[in-house]
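All remarks here apply to the structure that follows.
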Amino acid sequence: MERRAFITLLGGVVASPFVCPLVARAQGKTWRLGFLTPGAAETNNPGSVRQTTLKVLADRGFSEGRNLVYLPAGADGNLSRLPELAKMLAEQRVDVIIAVGALAARAAMRASPGTPVVLSFSGDDPVQGGLAASLARPGGLVTGIFFRGIETDAKRLEILREAVPAARAFGFLATPTLEPERSELLAGTAAKLDISLATRVVQSPADYVAAFDAFHAEGVTGVLVMASTIFAADAPIVSQLAMERGMATICEWDHMARAGCMLGFGPDLVGLRRLTGDYVAKIFNGASPADLPIQLPDRFNLTVNLRVVGQLKLQLPTVFLGRVDEVIE
């Protein structure tokens, strides 16, 4: 077990005044909330669980230092560690696990089969993946938020093409979780847009430089970064490598654009994290996840980083700029 993961988890317990059973009994029920993610357990972006979800829970009466223990566990990009981290959370007897993505949700279900799981969020269809009977009535212990990551990646490729209409060669940076369905949809989208699309799958951050060197050798001028928790955490590294090679980038979240991607397009992250807090609060208050509908986001934000545009010496079409929700000067 890696020392950092162990400290990350147990830090939430040691720091809490509710470790002592006598204190817990004196002050009533203490809720234990686990967070399992393929990425980093703690991030500084405004849409993090700590900065957004826990604030919603505090407004609902569940706050750290009073009646809530928060236990974050992140795999830091090493997906093989998810089962181990899920087991650690199960050993801490958490009441609810917030899981980022289907892989984390499955790991949580295997490690703690009786514990409710709130997806926050999944790009894979939870019904097709066997996590829920339907979106309207999940019927089991998994509920939360779902958006079609495969389709949004295709939309991002279209947006990048609109932003740099003169470009003909594009790259797709992907993780090992890349599915044939996503590859096929992107290939069809590239053909429709009359562009080439070179795919590079990276196993870890150690592969990033080689991937961008390969893109550069192939004449790529725009890179689509796959929707992934791992890339969301590594946006500063990915965007810098692209910048150094003169490549425009489109990433998943607005905070990734603030970190250096030229464009960000995805659901309202802060809103989704708030909704996650609502789900957890309802379950703490006695609601069954089986009866809580799995929701899809209804708002997507397009963000452009004009500093990056300027550094790349690009001129974005006026019509395109008119569609932008947020401009980073």
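In the structure tokens, chains take letters A, B, ... by order of appearance, with residues numbered from 1 within each chain and ligands from 1 in the order shown.
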Apply DSSP to the backbone of this structure and, from range 159-328 of chain A, keep only the residues in strand (DSSP E); write these as a PyMOL selection string.
chain A and resi 169-174+196-201+222-225+248-251+263-267+300-305+326-328
Test item: residues at most 7 Å from Thr249 in chain A, only C-alpha atoms, excluding those fewer than 6 positions along its chain, as a PyMOL selection string:
chain A and resi 222-224+239+261-263
Residue selection dump (N, CA, C and O atoms) as a CSV table (one decimal), in the first residue's frame:
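The resulting file, result.csv, is reproduced below:
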chain,number,residue,atom,x,y,z
A,222,GLY,N,-4.1,20.4,-33.8
A,222,GLY,CA,-5.1,20.5,-32.8
A,222,GLY,C,-5.3,19.2,-32.1
A,222,GLY,O,-5.3,18.2,-32.8
A,223,VAL,N,-5.4,19.2,-30.8
A,223,VAL,CA,-5.5,17.9,-30.0
A,223,VAL,C,-6.7,17.9,-29.2
A,223,VAL,O,-7.0,18.9,-28.4
A,224,LEU,N,-7.5,16.9,-29.3
A,224,LEU,CA,-8.7,16.6,-28.5
A,224,LEU,C,-8.2,15.7,-27.3
A,224,LEU,O,-7.6,14.7,-27.5
A,239,SER,N,-1.4,20.6,-21.4
A,239,SER,CA,-1.6,21.8,-22.2
A,239,SER,C,-0.2,22.5,-22.5
A,239,SER,O,0.0,23.0,-23.6
A,261,CYS,N,-5.4,24.8,-21.3
A,261,CYS,CA,-6.0,24.3,-22.5
A,261,CYS,C,-6.6,25.5,-23.3
A,261,CYS,O,-7.1,26.4,-22.6
A,262,MET,N,-6.5,25.5,-24.6
A,262,MET,CA,-7.1,26.6,-25.3
A,262,MET,C,-8.6,26.7,-25.2
A,262,MET,O,-9.2,27.8,-25.0
A,263,LEU,N,-9.3,25.5,-25.2
A,263,LEU,CA,-10.7,25.5,-25.1
A,263,LEU,C,-11.1,24.4,-24.0
A,263,LEU,O,-10.4,23.4,-23.8
Could you give me, as JSON lines, a per-residue list for range 231-269 of chain A showing, wherever an atom lies at most 8 Å from an atom of range 38-53 of chain A, the closest pair of atoms and their distance in Å to one decimal, using only C-alpha atoms and sorting by chain then residue number from low to high?
{"residue": "A:Ala233", "atom": "CA", "partner": "A:Gly39", "partner_atom": "CA", "distance": 6.6}
{"residue": "A:His255", "atom": "CA", "partner": "A:Asn45", "partner_atom": "CA", "distance": 6.6}
{"residue": "A:Leu269", "atom": "CA", "partner": "A:Gly47", "partner_atom": "CA", "distance": 5.4}
Restricting the output to C-alpha atoms, write the selected residues as a compact mmCIF listing (two decimals), in the first residue's frame.
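File again24.txt, as written:
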# COMPACT_ATOMS: atom_id res chain seq x y z
CA ALA A 233 -5.82 16.54 -13.02
CA HIS A 255 -10.96 24.73 -15.11
CA LEU A 269 -18.79 21.10 -12.97
Distance query range 132-140 of chain A at most 6 Å, only C-alpha atoms, self and fewer than 5 positions along chain excluded, as a list in words:
Pro126, Val127, Ala290, Asp291, Pro293 and Ile294 of chain A
Would you please give, as a PyMOL selection string, all residues of range 104-291 of chain A that DSSP assigns to alpha helix (DSSP H) based on the backbone?
chain A and resi 104-111+149-163+180-193+208-217+229-233+235-244+254-258+269-284
Do you know which residues are at most 12 Å from Leu314 in chain A counting only C-alpha atoms, after dropping those on the same chain fewer than 5 positions away, and could you put them as a short mmCIF file (atom, residue, chain, number, x, y, z; two decimals) with N, CA and C atoms, in the first residue's frame?
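result-v5.cif was written with the following content:
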data_model
loop_
_atom_site.label_atom_id
_atom_site.label_comp_id
_atom_site.auth_asym_id
_atom_site.auth_seq_id
_atom_site.Cartn_x
_atom_site.Cartn_y
_atom_site.Cartn_z
N ALA A 163 -13.01 26.07 -34.35
CA ALA A 163 -12.11 27.09 -33.83
C ALA A 163 -10.89 27.29 -34.73
N VAL A 164 -10.40 26.20 -35.32
CA VAL A 164 -9.22 26.27 -36.20
C VAL A 164 -9.59 25.66 -37.56
N PRO A 165 -10.42 26.35 -38.32
CA PRO A 165 -10.97 25.78 -39.56
C PRO A 165 -9.93 25.46 -40.63
N ALA A 166 -8.75 26.07 -40.54
CA ALA A 166 -7.73 25.80 -41.55
C ALA A 166 -6.97 24.50 -41.28
N ALA A 167 -7.08 23.97 -40.07
CA ALA A 167 -6.35 22.76 -39.70
C ALA A 167 -6.97 21.52 -40.35
N THR A 221 -2.10 19.82 -35.59
CA THR A 221 -2.16 21.20 -35.12
C THR A 221 -3.24 21.43 -34.07
N GLY A 222 -4.06 20.43 -33.82
CA GLY A 222 -5.09 20.54 -32.80
C GLY A 222 -5.28 19.19 -32.11
N GLY A 246 3.12 24.04 -30.51
CA GLY A 246 2.25 24.86 -31.34
C GLY A 246 0.90 24.26 -31.64
N MET A 247 0.38 23.45 -30.71
CA MET A 247 -0.89 22.77 -30.94
C MET A 247 -2.01 23.36 -30.09
N ALA A 248 -3.16 23.60 -30.71
CA ALA A 248 -4.36 24.00 -29.99
C ALA A 248 -4.93 22.78 -29.27
N MET A 262 -6.54 25.46 -24.61
CA MET A 262 -7.09 26.59 -25.35
C MET A 262 -8.60 26.68 -25.19
N ASN A 305 -9.51 30.25 -23.66
CA ASN A 305 -8.39 30.92 -23.02
C ASN A 305 -7.69 31.78 -24.08
N LEU A 306 -7.97 33.09 -24.08
CA LEU A 306 -7.41 33.97 -25.11
C LEU A 306 -5.90 34.15 -24.97
N ARG A 307 -5.37 33.93 -23.77
CA ARG A 307 -3.91 33.99 -23.61
C ARG A 307 -3.25 32.89 -24.44
N VAL A 308 -3.84 31.72 -24.40
CA VAL A 308 -3.30 30.60 -25.19
C VAL A 308 -3.48 30.86 -26.68
N VAL A 309 -4.64 31.39 -27.04
CA VAL A 309 -4.89 31.73 -28.45
C VAL A 309 -3.81 32.68 -28.95
#
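Between CA of Ile145 in chain A and CA of Leu321 in chain A lies a distance of 29.5 Å.
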Using only C-alpha atoms, which protein or nucleic acid residues come within 12 Å of Lys192 in chain A? Drop anything in the same chain fewer than 4 positions from it, and give the result as a VMD selection string.
chain A and resid 154 157 to 158 161 185 to 188 196 to 197
Selection: 10 Å around Val280 in chain A, only C-alpha atoms, excl. self and same-chain fewer than 3 positions, as an mmCIF file with all heavy atoms, in the first residue's frame:
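Contents of selection02.cif, freshly written:
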data_model
loop_
_atom_site.group_PDB
_atom_site.id
_atom_site.type_symbol
_atom_site.label_atom_id
_atom_site.label_comp_id
_atom_site.auth_asym_id
_atom_site.auth_seq_id
_atom_site.Cartn_x
_atom_site.Cartn_y
_atom_site.Cartn_z
ATOM 1 N N LEU A 33 -18.385 9.671 4.950
ATOM 2 C CA LEU A 33 -18.525 9.817 3.497
ATOM 3 C C LEU A 33 -17.213 9.499 2.803
ATOM 4 O O LEU A 33 -16.198 10.158 3.033
ATOM 5 C CB LEU A 33 -18.957 11.253 3.164
ATOM 6 C CG LEU A 33 -19.041 11.620 1.677
ATOM 7 C CD1 LEU A 33 -20.113 10.783 0.975
ATOM 8 C CD2 LEU A 33 -19.338 13.113 1.524
ATOM 9 N N THR A 53 -19.138 20.130 -2.848
ATOM 10 C CA THR A 53 -20.069 19.141 -2.294
ATOM 11 C C THR A 53 -20.162 19.233 -0.780
ATOM 12 O O THR A 53 -21.265 19.198 -0.209
ATOM 13 C CB THR A 53 -19.644 17.722 -2.709
ATOM 14 O OG1 THR A 53 -19.543 17.654 -4.136
ATOM 15 C CG2 THR A 53 -20.646 16.694 -2.231
ATOM 16 N N LEU A 54 -19.025 19.356 -0.112
ATOM 17 C CA LEU A 54 -19.060 19.417 1.354
ATOM 18 C C LEU A 54 -19.748 20.680 1.853
ATOM 19 O O LEU A 54 -20.368 20.672 2.930
ATOM 20 C CB LEU A 54 -17.645 19.329 1.925
ATOM 21 C CG LEU A 54 -16.899 18.009 1.712
ATOM 22 C CD1 LEU A 54 -15.632 17.964 2.550
ATOM 23 C CD2 LEU A 54 -17.774 16.791 2.026
ATOM 24 N N VAL A 56 -22.340 22.072 0.335
ATOM 25 C CA VAL A 56 -23.769 21.761 0.215
ATOM 26 C C VAL A 56 -24.209 20.910 1.400
ATOM 27 O O VAL A 56 -25.265 21.149 2.009
ATOM 28 C CB VAL A 56 -24.051 21.040 -1.119
ATOM 29 C CG1 VAL A 56 -25.484 20.499 -1.145
ATOM 30 C CG2 VAL A 56 -23.822 21.965 -2.296
ATOM 31 N N LEU A 57 -23.405 19.909 1.752
ATOM 32 C CA LEU A 57 -23.757 19.050 2.883
ATOM 33 C C LEU A 57 -23.809 19.840 4.184
ATOM 34 O O LEU A 57 -24.674 19.597 5.032
ATOM 35 C CB LEU A 57 -22.745 17.905 2.983
ATOM 36 C CG LEU A 57 -22.912 16.813 1.934
ATOM 37 C CD1 LEU A 57 -21.725 15.856 1.943
ATOM 38 C CD2 LEU A 57 -24.202 16.031 2.170
ATOM 39 N N ARG A 60 -26.956 21.436 4.558
ATOM 40 C CA ARG A 60 -28.024 20.475 4.836
ATOM 41 C C ARG A 60 -27.916 19.894 6.249
ATOM 42 O O ARG A 60 -28.678 19.017 6.621
ATOM 43 C CB ARG A 60 -28.003 19.328 3.820
ATOM 44 C CG ARG A 60 -28.100 19.728 2.359
ATOM 45 C CD ARG A 60 -29.442 20.308 1.993
ATOM 46 N NE ARG A 60 -29.579 20.437 0.552
ATOM 47 C CZ ARG A 60 -29.128 21.461 -0.173
ATOM 48 N NH1 ARG A 60 -28.527 22.471 0.453
ATOM 49 N NH2 ARG A 60 -29.273 21.495 -1.485
ATOM 50 N N PHE A 62 -24.876 18.555 7.618
ATOM 51 C CA PHE A 62 -23.827 17.541 7.755
ATOM 52 C C PHE A 62 -22.472 18.210 7.510
ATOM 53 O O PHE A 62 -22.110 18.495 6.364
ATOM 54 C CB PHE A 62 -24.031 16.407 6.753
ATOM 55 C CG PHE A 62 -25.406 15.795 6.799
ATOM 56 C CD1 PHE A 62 -26.391 16.184 5.885
ATOM 57 C CD2 PHE A 62 -25.735 14.860 7.761
ATOM 58 C CE1 PHE A 62 -27.664 15.629 5.925
ATOM 59 C CE2 PHE A 62 -27.009 14.306 7.818
ATOM 60 C CZ PHE A 62 -27.978 14.691 6.897
ATOM 61 N N ASP A 95 -20.733 5.355 5.107
ATOM 62 C CA ASP A 95 -22.186 5.263 4.918
ATOM 63 C C ASP A 95 -22.572 5.447 3.453
ATOM 64 O O ASP A 95 -23.579 4.898 2.999
ATOM 65 C CB ASP A 95 -22.893 6.323 5.762
ATOM 66 C CG ASP A 95 -22.664 6.112 7.246
ATOM 67 O OD1 ASP A 95 -23.241 5.157 7.790
ATOM 68 O OD2 ASP A 95 -21.902 6.886 7.840
ATOM 69 N N VAL A 96 -21.803 6.253 2.725
ATOM 70 C CA VAL A 96 -22.017 6.510 1.295
ATOM 71 C C VAL A 96 -20.652 6.672 0.647
ATOM 72 O O VAL A 96 -19.720 7.205 1.264
ATOM 73 C CB VAL A 96 -22.858 7.787 1.056
ATOM 74 C CG1 VAL A 96 -22.948 8.108 -0.441
ATOM 75 C CG2 VAL A 96 -24.260 7.650 1.640
ATOM 76 N N ILE A 97 -20.541 6.203 -0.600
ATOM 77 C CA ILE A 97 -19.316 6.423 -1.370
ATOM 78 C C ILE A 97 -19.655 7.250 -2.603
ATOM 79 O O ILE A 97 -20.529 6.875 -3.384
ATOM 80 C CB ILE A 97 -18.658 5.102 -1.806
ATOM 81 C CG1 ILE A 97 -18.202 4.303 -0.581
ATOM 82 C CG2 ILE A 97 -17.459 5.370 -2.731
ATOM 83 C CD1 ILE A 97 -17.630 2.931 -0.923
ATOM 84 N N ILE A 98 -18.999 8.384 -2.756
ATOM 85 C CA ILE A 98 -19.075 9.146 -4.000
ATOM 86 C C ILE A 98 -18.031 8.557 -4.939
ATOM 87 O O ILE A 98 -16.847 8.505 -4.599
ATOM 88 C CB ILE A 98 -18.788 10.644 -3.768
ATOM 89 C CG1 ILE A 98 -19.837 11.257 -2.847
ATOM 90 C CG2 ILE A 98 -18.734 11.394 -5.093
ATOM 91 C CD1 ILE A 98 -19.517 12.682 -2.438
ATOM 92 N N PRO A 116 -24.481 2.500 -0.286
ATOM 93 C CA PRO A 116 -24.950 3.322 -1.407
ATOM 94 C C PRO A 116 -23.789 4.019 -2.111
ATOM 95 O O PRO A 116 -22.841 4.473 -1.466
ATOM 96 C CB PRO A 116 -25.877 4.339 -0.732
ATOM 97 C CG PRO A 116 -26.308 3.677 0.530
ATOM 98 C CD PRO A 116 -25.132 2.868 0.992
ATOM 99 N N VAL A 117 -23.892 4.095 -3.445
ATOM 100 C CA VAL A 117 -22.867 4.739 -4.269
ATOM 101 C C VAL A 117 -23.527 5.863 -5.057
ATOM 102 O O VAL A 117 -24.545 5.660 -5.716
ATOM 103 C CB VAL A 117 -22.210 3.734 -5.235
ATOM 104 C CG1 VAL A 117 -21.259 4.453 -6.190
ATOM 105 C CG2 VAL A 117 -21.471 2.650 -4.455
ATOM 106 N N VAL A 118 -22.935 7.062 -4.976
ATOM 107 C CA VAL A 118 -23.409 8.206 -5.754
ATOM 108 C C VAL A 118 -22.397 8.480 -6.859
ATOM 109 O O VAL A 118 -21.243 8.818 -6.577
ATOM 110 C CB VAL A 118 -23.587 9.457 -4.865
ATOM 111 C CG1 VAL A 118 -23.950 10.661 -5.727
ATOM 112 C CG2 VAL A 118 -24.665 9.212 -3.819
ATOM 113 N N THR A 143 -26.872 5.521 -7.690
ATOM 114 C CA THR A 143 -27.585 6.626 -8.321
ATOM 115 C C THR A 143 -26.584 7.729 -8.594
ATOM 116 O O THR A 143 -25.380 7.524 -8.460
ATOM 117 C CB THR A 143 -28.748 7.127 -7.435
ATOM 118 O OG1 THR A 143 -29.500 8.102 -8.167
ATOM 119 C CG2 THR A 143 -28.239 7.741 -6.148
ATOM 120 N N GLY A 144 -27.049 8.918 -9.019
ATOM 121 C CA GLY A 144 -26.120 10.012 -9.239
ATOM 122 C C GLY A 144 -26.273 10.687 -10.580
ATOM 123 O O GLY A 144 -27.396 10.901 -11.053
ATOM 124 N N LEU A 275 -25.067 19.086 -7.053
ATOM 125 C CA LEU A 275 -26.091 18.049 -7.170
ATOM 126 C C LEU A 275 -25.657 16.783 -6.446
ATOM 127 O O LEU A 275 -26.472 16.092 -5.829
ATOM 128 C CB LEU A 275 -26.368 17.774 -8.647
ATOM 129 C CG LEU A 275 -27.455 16.751 -8.972
ATOM 130 C CD1 LEU A 275 -28.784 17.148 -8.337
ATOM 131 C CD2 LEU A 275 -27.612 16.605 -10.480
ATOM 132 N N THR A 276 -24.370 16.481 -6.510
ATOM 133 C CA THR A 276 -23.833 15.334 -5.768
ATOM 134 C C THR A 276 -24.117 15.491 -4.277
ATOM 135 O O THR A 276 -24.521 14.537 -3.605
ATOM 136 C CB THR A 276 -22.319 15.216 -5.996
ATOM 137 O OG1 THR A 276 -22.054 14.997 -7.378
ATOM 138 C CG2 THR A 276 -21.739 14.057 -5.193
ATOM 139 N N GLY A 277 -23.909 16.695 -3.768
ATOM 140 C CA GLY A 277 -24.202 16.947 -2.360
ATOM 141 C C GLY A 277 -25.663 16.728 -2.032
ATOM 142 O O GLY A 277 -26.005 16.198 -0.966
ATOM 143 N N ILE A 283 -29.716 10.704 0.897
ATOM 144 C CA ILE A 283 -29.464 9.345 1.380
ATOM 145 C C ILE A 283 -29.197 9.365 2.881
ATOM 146 O O ILE A 283 -29.699 8.517 3.629
ATOM 147 C CB ILE A 283 -28.291 8.714 0.606
ATOM 148 C CG1 ILE A 283 -28.691 8.508 -0.858
ATOM 149 C CG2 ILE A 283 -27.885 7.381 1.236
ATOM 150 C CD1 ILE A 283 -27.560 8.081 -1.760
ATOM 151 N N PHE A 284 -28.430 10.329 3.367
ATOM 152 C CA PHE A 284 -28.209 10.464 4.809
ATOM 153 C C PHE A 284 -29.541 10.636 5.538
ATOM 154 O O PHE A 284 -29.706 10.155 6.664
ATOM 155 C CB PHE A 284 -27.326 11.680 5.098
ATOM 156 C CG PHE A 284 -25.850 11.465 4.855
ATOM 157 C CD1 PHE A 284 -24.966 12.539 4.918
ATOM 158 C CD2 PHE A 284 -25.339 10.213 4.578
ATOM 159 C CE1 PHE A 284 -23.609 12.367 4.708
ATOM 160 C CE2 PHE A 284 -23.976 10.017 4.357
ATOM 161 C CZ PHE A 284 -23.109 11.109 4.421
ATOM 162 N N ASN A 285 -30.479 11.321 4.889
ATOM 163 C CA ASN A 285 -31.775 11.577 5.516
ATOM 164 C C ASN A 285 -32.770 10.431 5.333
ATOM 165 O O ASN A 285 -33.933 10.570 5.712
ATOM 166 C CB ASN A 285 -32.376 12.866 4.960
ATOM 167 C CG ASN A 285 -31.739 14.113 5.573
ATOM 168 O OD1 ASN A 285 -31.479 14.144 6.772
ATOM 169 N ND2 ASN A 285 -31.490 15.122 4.750
ATOM 170 N N ALA A 287 -33.411 8.531 2.294
ATOM 171 C CA ALA A 287 -33.879 8.163 0.948
ATOM 172 C C ALA A 287 -33.112 6.945 0.439
ATOM 173 O O ALA A 287 -31.942 6.747 0.760
ATOM 174 C CB ALA A 287 -33.698 9.336 -0.006
ATOM 175 N N PRO A 289 -31.313 5.015 -2.625
ATOM 176 C CA PRO A 289 -30.767 5.298 -3.962
ATOM 177 C C PRO A 289 -31.551 4.616 -5.072
ATOM 178 O O PRO A 289 -31.557 5.086 -6.210
ATOM 179 C CB PRO A 289 -29.329 4.777 -3.880
ATOM 180 C CG PRO A 289 -29.300 3.857 -2.708
ATOM 181 C CD PRO A 289 -30.330 4.361 -1.754
#
I'd like to know which of A:Val220, A:Ile150, A:Ala86, A:Val201 is closest to Thr189 in chain A, using only C-alpha atoms.
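Looking at the shortest contact to Thr189 in chain A, the residue is A:Ile150.
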I'd like to know which of A:Gly130, A:Gly171, A:Gly77, A:Gly61 is closest to Ala211 in chain A, using only C-alpha atoms.
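Of the candidates, the smallest distance to Ala211 in chain A is held by A:Gly171.
Atom to atom, CA of Glu162 in chain A and CA of Thr175 in chain A stand 24.7 Å apart.
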Could you work out how far CA of Arg81 in chain A lies from CA of Thr30 in chain A, giving the answer in Å with one decimal?
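Atom-to-atom, CA of Thr30 in chain A to CA of Arg81 in chain A, that is 27.7 Å.
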